Amino acid sequence: MSRSTIERYLLKKMVAAQADVSSYLSLRRAKGYMSVTESEKLRDSLFEVCHEYREQAPTFTASLAAHQAASFERGIAALSAAAISLMTGRHDCPHYIAIDADKLESCLHQLSDSLNELHTVQLAIDA
């Protein structure tokens with residue numbers, strides 16, 4: 001794959017992950033808890049995006065500008081932190097998890113900021 005193809009693919013995966021985390025967070029705030037299955041499914045998909053990034057990173061980030069590479073790194077770090085936060089909260093009930101919504105929201109904001117920076121750079125390149 002070319003650098004631009006990889007970049008677009010990873011951006012799409014990160015945007016999809018952002019939407020998934022946002023939906024999960026909305027449900028978590030409304031219900032106050034989430035099922036173990038829902039949390040594990042989201043956690044696995046977030047780790048998958050991080051894994052795909054790490055596989056592509058050596059060839060992909062070498063051709064990016066420093067600020068683009070840093071934005072990707074911050075976005076992936078936010079996804080990793082969100083995935084790790086989904087591993088906590090199973091204290092009282094084996095079927096439901098009380099995830100720290102504030103921590104997850106912080107990860108979502110960091111991811112959103114990173115994606116906004118990447119989209120701004122992409123628009124400037126396309127113009």
# chains A, B, ... in the order shown; residues from 1 in each chain; ligands from 1
call {"tool": "select_by_dssp", "arguments": {"residues": "stretch 2-126 of chain A", "states": "strand (DSSP E or B)", "output": "PDB file with all heavy atoms, in the first residue's frame"}}
result
ATOM      1  N   MET A  34     -22.127  -0.871  31.903  1.00  0.00           N
ATOM      2  CA  MET A  34     -22.162  -1.531  30.595  1.00  0.00           C
ATOM      3  C   MET A  34     -21.924  -3.011  30.806  1.00  0.00           C
ATOM      4  O   MET A  34     -21.338  -3.415  31.804  1.00  0.00           O
ATOM      5  CB  MET A  34     -21.085  -0.970  29.663  1.00  0.00           C
ATOM      6  CG  MET A  34     -21.295   0.480  29.271  1.00  0.00           C
ATOM      7  SD  MET A  34     -22.819   0.813  28.389  1.00  0.00           S
ATOM      8  CE  MET A  34     -22.414   0.158  26.787  1.00  0.00           C
ATOM      9  N   SER A  35     -22.366  -3.814  29.849  1.00  0.00           N
ATOM     10  CA  SER A  35     -22.138  -5.249  29.968  1.00  0.00           C
ATOM     11  C   SER A  35     -20.673  -5.569  29.672  1.00  0.00           C
ATOM     12  O   SER A  35     -19.991  -4.823  28.967  1.00  0.00           O
ATOM     13  CB  SER A  35     -23.043  -6.029  29.015  1.00  0.00           C
ATOM     14  OG  SER A  35     -22.599  -5.904  27.693  1.00  0.00           O
ATOM     15  N   TYR A  96     -21.511  -7.017  34.585  1.00  0.00           N
ATOM     16  CA  TYR A  96     -21.593  -5.597  34.275  1.00  0.00           C
ATOM     17  C   TYR A  96     -20.337  -4.884  34.746  1.00  0.00           C
ATOM     18  O   TYR A  96     -19.724  -5.271  35.740  1.00  0.00           O
ATOM     19  CB  TYR A  96     -22.831  -4.956  34.912  1.00  0.00           C
ATOM     20  CG  TYR A  96     -24.096  -5.561  34.380  1.00  0.00           C
ATOM     21  CD1 TYR A  96     -24.784  -6.513  35.112  1.00  0.00           C
ATOM     22  CD2 TYR A  96     -24.575  -5.205  33.129  1.00  0.00           C
ATOM     23  CE1 TYR A  96     -25.934  -7.099  34.606  1.00  0.00           C
ATOM     24  CE2 TYR A  96     -25.722  -5.785  32.611  1.00  0.00           C
ATOM     25  CZ  TYR A  96     -26.402  -6.725  33.360  1.00  0.00           C
ATOM     26  OH  TYR A  96     -27.527  -7.309  32.848  1.00  0.00           O
ATOM     27  N   ILE A  97     -19.973  -3.834  34.032  1.00  0.00           N
ATOM     28  CA  ILE A  97     -18.764  -3.075  34.337  1.00  0.00           C
ATOM     29  C   ILE A  97     -19.142  -1.610  34.531  1.00  0.00           C
ATOM     30  O   ILE A  97     -19.901  -1.049  33.741  1.00  0.00           O
ATOM     31  CB  ILE A  97     -17.745  -3.190  33.184  1.00  0.00           C
ATOM     32  CG1 ILE A  97     -17.260  -4.627  33.055  1.00  0.00           C
ATOM     33  CG2 ILE A  97     -16.572  -2.259  33.386  1.00  0.00           C
ATOM     34  CD1 ILE A  97     -16.285  -4.853  31.930  1.00  0.00           C
TER      35      ILE A  97
END
call {"tool": "residues_around", "arguments": {"residues": "stretch 15-29 of chain A", "least_positions_apart": "3", "cutoff": "9 Å", "atoms": "only C-alpha atoms", "output": "PyMOL selection string"}}
result
chain A and resi 10-12+32-34+38-39+42+45-46+49+79+82+98-99+101+104-105+108+111-112+115
call {"tool": "write_last_selection", "arguments": {"atoms": "C-alpha atoms", "output": "PDB file, in the first residue's frame"}}
result
ATOM      1  CA  LEU A  10      -5.843   4.425   9.410  1.00  0.00           C
ATOM      2  CA  LEU A  11      -7.760   7.702   9.559  1.00  0.00           C
ATOM      3  CA  LYS A  12     -10.979   5.857   8.680  1.00  0.00           C
ATOM      4  CA  GLY A  32     -24.511   3.921  34.612  1.00  0.00           C
ATOM      5  CA  TYR A  33     -22.890   0.606  33.641  1.00  0.00           C
ATOM      6  CA  MET A  34     -22.162  -1.531  30.595  1.00  0.00           C
ATOM      7  CA  GLU A  38     -19.966  -4.688  25.113  1.00  0.00           C
ATOM      8  CA  SER A  39     -16.848  -3.505  26.891  1.00  0.00           C
ATOM      9  CA  LEU A  42     -15.006  -2.257  22.057  1.00  0.00           C
ATOM     10  CA  SER A  45     -11.565  -3.271  18.353  1.00  0.00           C
ATOM     11  CA  LEU A  46      -9.544  -0.395  19.852  1.00  0.00           C
ATOM     12  CA  VAL A  49      -6.608  -0.338  15.470  1.00  0.00           C
ATOM     13  CA  LEU A  79      -7.147   4.769  21.765  1.00  0.00           C
ATOM     14  CA  ALA A  82      -9.403   4.105  26.238  1.00  0.00           C
ATOM     15  CA  ALA A  98     -18.799   0.432  35.793  1.00  0.00           C
ATOM     16  CA  ILE A  99     -16.224   2.114  33.554  1.00  0.00           C
ATOM     17  CA  ALA A 101     -16.785   7.690  32.190  1.00  0.00           C
ATOM     18  CA  LEU A 104     -13.071   7.557  28.807  1.00  0.00           C
ATOM     19  CA  GLU A 105     -14.324  11.035  27.913  1.00  0.00           C
ATOM     20  CA  LEU A 108     -12.267  10.689  23.492  1.00  0.00           C
ATOM     21  CA  LEU A 111      -8.597  11.403  20.074  1.00  0.00           C
ATOM     22  CA  SER A 112     -10.904  14.099  18.683  1.00  0.00           C
ATOM     23  CA  LEU A 115      -8.169  13.689  14.386  1.00  0.00           C
TER      24      LEU A 115
END
call {"tool": "closest_residue", "arguments": {"among": "A:Ser85, A:Ser114, A:Ser106, A:Thr59", "to": "A:Met14", "atoms": "only C-alpha atoms"}}
result
A:Ser114
call {"tool": "atom_distance", "arguments": {"atom1": "atom CA of A:Ala70", "atom2": "atom CA of A:Leu118"}}
result
9.7 Å
call {"tool": "closest_residue", "arguments": {"among": "A:Arg3, A:Thr88, A:Tyr9, A:Ala77", "to": "A:Ala62", "atoms": "only C-alpha atoms"}}
result
A:Arg3
call {"tool": "select_by_dssp", "arguments": {"residues": "chain A", "states": "alpha helix (DSSP H)", "output": "number ranges by chain"}}
result
A: 3-31, 36-60, 66-85, 101-126
call {"tool": "closest_residue", "arguments": {"among": "A:Ala30, A:Asp113, A:Arg43, A:Leu86", "to": "A:Glu73", "atoms": "only C-alpha atoms"}}
result
A:Asp113
call {"tool": "atom_distance", "arguments": {"atom1": "atom CA of A:Phe72", "atom2": "atom CA of A:Tyr53"}}
result
8.9 Å
call {"tool": "atom_distance", "arguments": {"atom1": "atom CA of A:Cys50", "atom2": "atom CA of A:Ser2"}}
result
19.2 Å
call {"tool": "closest_residue", "arguments": {"among": "A:Ile76, A:Cys107, A:Ile6, A:Ala83", "to": "A:Leu64", "atoms": "only C-alpha atoms"}}
result
A:Ile6
call {"tool": "decode", "arguments": {"residues": "stretch 55-88 of chain A", "atoms": "N, CA and C atoms", "output": "CSV table (one decimal), in the first residue's frame"}}
result
chain,number,residue,atom,x,y,z
A,55,GLU,N,1.9,-2.0,13.2
A,55,GLU,CA,2.4,-2.7,12.0
A,55,GLU,C,2.9,-1.8,10.9
A,56,GLN,N,2.1,-0.8,10.6
A,56,GLN,CA,2.4,0.1,9.5
A,56,GLN,C,3.3,1.3,9.9
A,57,ALA,N,3.5,1.5,11.2
A,57,ALA,CA,4.3,2.7,11.6
A,57,ALA,C,5.7,2.8,11.1
A,58,PRO,N,6.5,1.8,11.0
A,58,PRO,CA,7.9,2.0,10.6
A,58,PRO,C,8.0,2.6,9.2
A,59,THR,N,7.2,2.1,8.2
A,59,THR,CA,7.2,2.7,6.9
A,59,THR,C,6.3,3.9,6.7
A,60,PHE,N,5.3,3.9,7.4
A,60,PHE,CA,4.3,5.0,7.3
A,60,PHE,C,4.7,6.3,7.9
A,61,THR,N,5.2,6.3,9.1
A,61,THR,CA,5.5,7.6,9.8
A,61,THR,C,6.8,8.2,9.3
A,62,ALA,N,7.6,7.4,8.6
A,62,ALA,CA,8.9,7.9,8.1
A,62,ALA,C,8.6,9.0,7.0
A,63,SER,N,7.5,8.8,6.3
A,63,SER,CA,7.2,9.7,5.2
A,63,SER,C,6.3,10.9,5.6
A,64,LEU,N,5.9,10.9,6.9
A,64,LEU,CA,5.0,12.0,7.4
A,64,LEU,C,5.8,13.2,7.9
A,65,ALA,N,5.2,14.3,7.9
A,65,ALA,CA,5.8,15.5,8.6
A,65,ALA,C,5.8,15.2,10.1
A,66,ALA,N,6.6,15.9,10.8
A,66,ALA,CA,6.8,15.6,12.3
A,66,ALA,C,5.4,15.9,13.0
A,67,HIS,N,4.7,16.9,12.6
A,67,HIS,CA,3.5,17.2,13.3
A,67,HIS,C,2.4,16.2,13.0
A,68,GLN,N,2.4,15.7,11.8
A,68,GLN,CA,1.4,14.6,11.4
A,68,GLN,C,1.7,13.3,12.2
A,69,ALA,N,3.0,13.0,12.2
A,69,ALA,CA,3.4,11.8,13.0
A,69,ALA,C,3.0,11.9,14.4
A,70,ALA,N,3.2,13.1,15.0
A,70,ALA,CA,2.9,13.3,16.4
A,70,ALA,C,1.4,13.2,16.6
A,71,SER,N,0.6,13.8,15.7
A,71,SER,CA,-0.9,13.7,15.8
A,71,SER,C,-1.4,12.2,15.7
A,72,PHE,N,-0.8,11.5,14.8
A,72,PHE,CA,-1.1,10.0,14.8
A,72,PHE,C,-0.8,9.3,16.1
A,73,GLU,N,0.4,9.6,16.6
A,73,GLU,CA,0.9,9.0,17.9
A,73,GLU,C,-0.1,9.4,19.0
A,74,ARG,N,-0.5,10.6,19.1
A,74,ARG,CA,-1.4,11.1,20.2
A,74,ARG,C,-2.8,10.4,20.0
A,75,GLY,N,-3.2,10.2,18.8
A,75,GLY,CA,-4.5,9.6,18.6
A,75,GLY,C,-4.5,8.1,19.0
A,76,ILE,N,-3.4,7.4,18.6
A,76,ILE,CA,-3.2,6.0,19.0
A,76,ILE,C,-3.0,5.9,20.5
A,77,ALA,N,-2.3,6.8,21.1
A,77,ALA,CA,-2.2,6.7,22.5
A,77,ALA,C,-3.5,6.9,23.2
A,78,ALA,N,-4.4,7.8,22.7
A,78,ALA,CA,-5.7,8.0,23.3
A,78,ALA,C,-6.5,6.7,23.1
A,79,LEU,N,-6.4,6.0,22.0
A,79,LEU,CA,-7.1,4.8,21.8
A,79,LEU,C,-6.6,3.7,22.7
A,80,SER,N,-5.3,3.6,22.9
A,80,SER,CA,-4.8,2.7,23.9
A,80,SER,C,-5.2,2.9,25.3
A,81,ALA,N,-5.2,4.2,25.7
A,81,ALA,CA,-5.7,4.6,27.0
A,81,ALA,C,-7.2,4.2,27.2
A,82,ALA,N,-8.0,4.5,26.2
A,82,ALA,CA,-9.4,4.1,26.2
A,82,ALA,C,-9.6,2.6,26.4
A,83,ALA,N,-8.8,1.8,25.6
A,83,ALA,CA,-8.9,0.4,25.7
A,83,ALA,C,-8.5,-0.1,27.0
A,84,ILE,N,-7.5,0.4,27.6
A,84,ILE,CA,-7.0,0.0,28.9
A,84,ILE,C,-8.1,0.4,30.0
A,85,SER,N,-8.7,1.6,29.8
A,85,SER,CA,-9.7,1.9,30.8
A,85,SER,C,-10.9,1.0,30.7
A,86,LEU,N,-11.2,0.4,29.6
A,86,LEU,CA,-12.3,-0.6,29.4
A,86,LEU,C,-12.0,-1.9,30.2
A,87,MET,N,-10.7,-2.1,30.6
A,87,MET,CA,-10.4,-3.3,31.3
A,87,MET,C,-10.7,-3.2,32.8
A,88,THR,N,-11.1,-2.0,33.3
A,88,THR,CA,-11.3,-1.8,34.7
A,88,THR,C,-12.8,-1.8,35.0
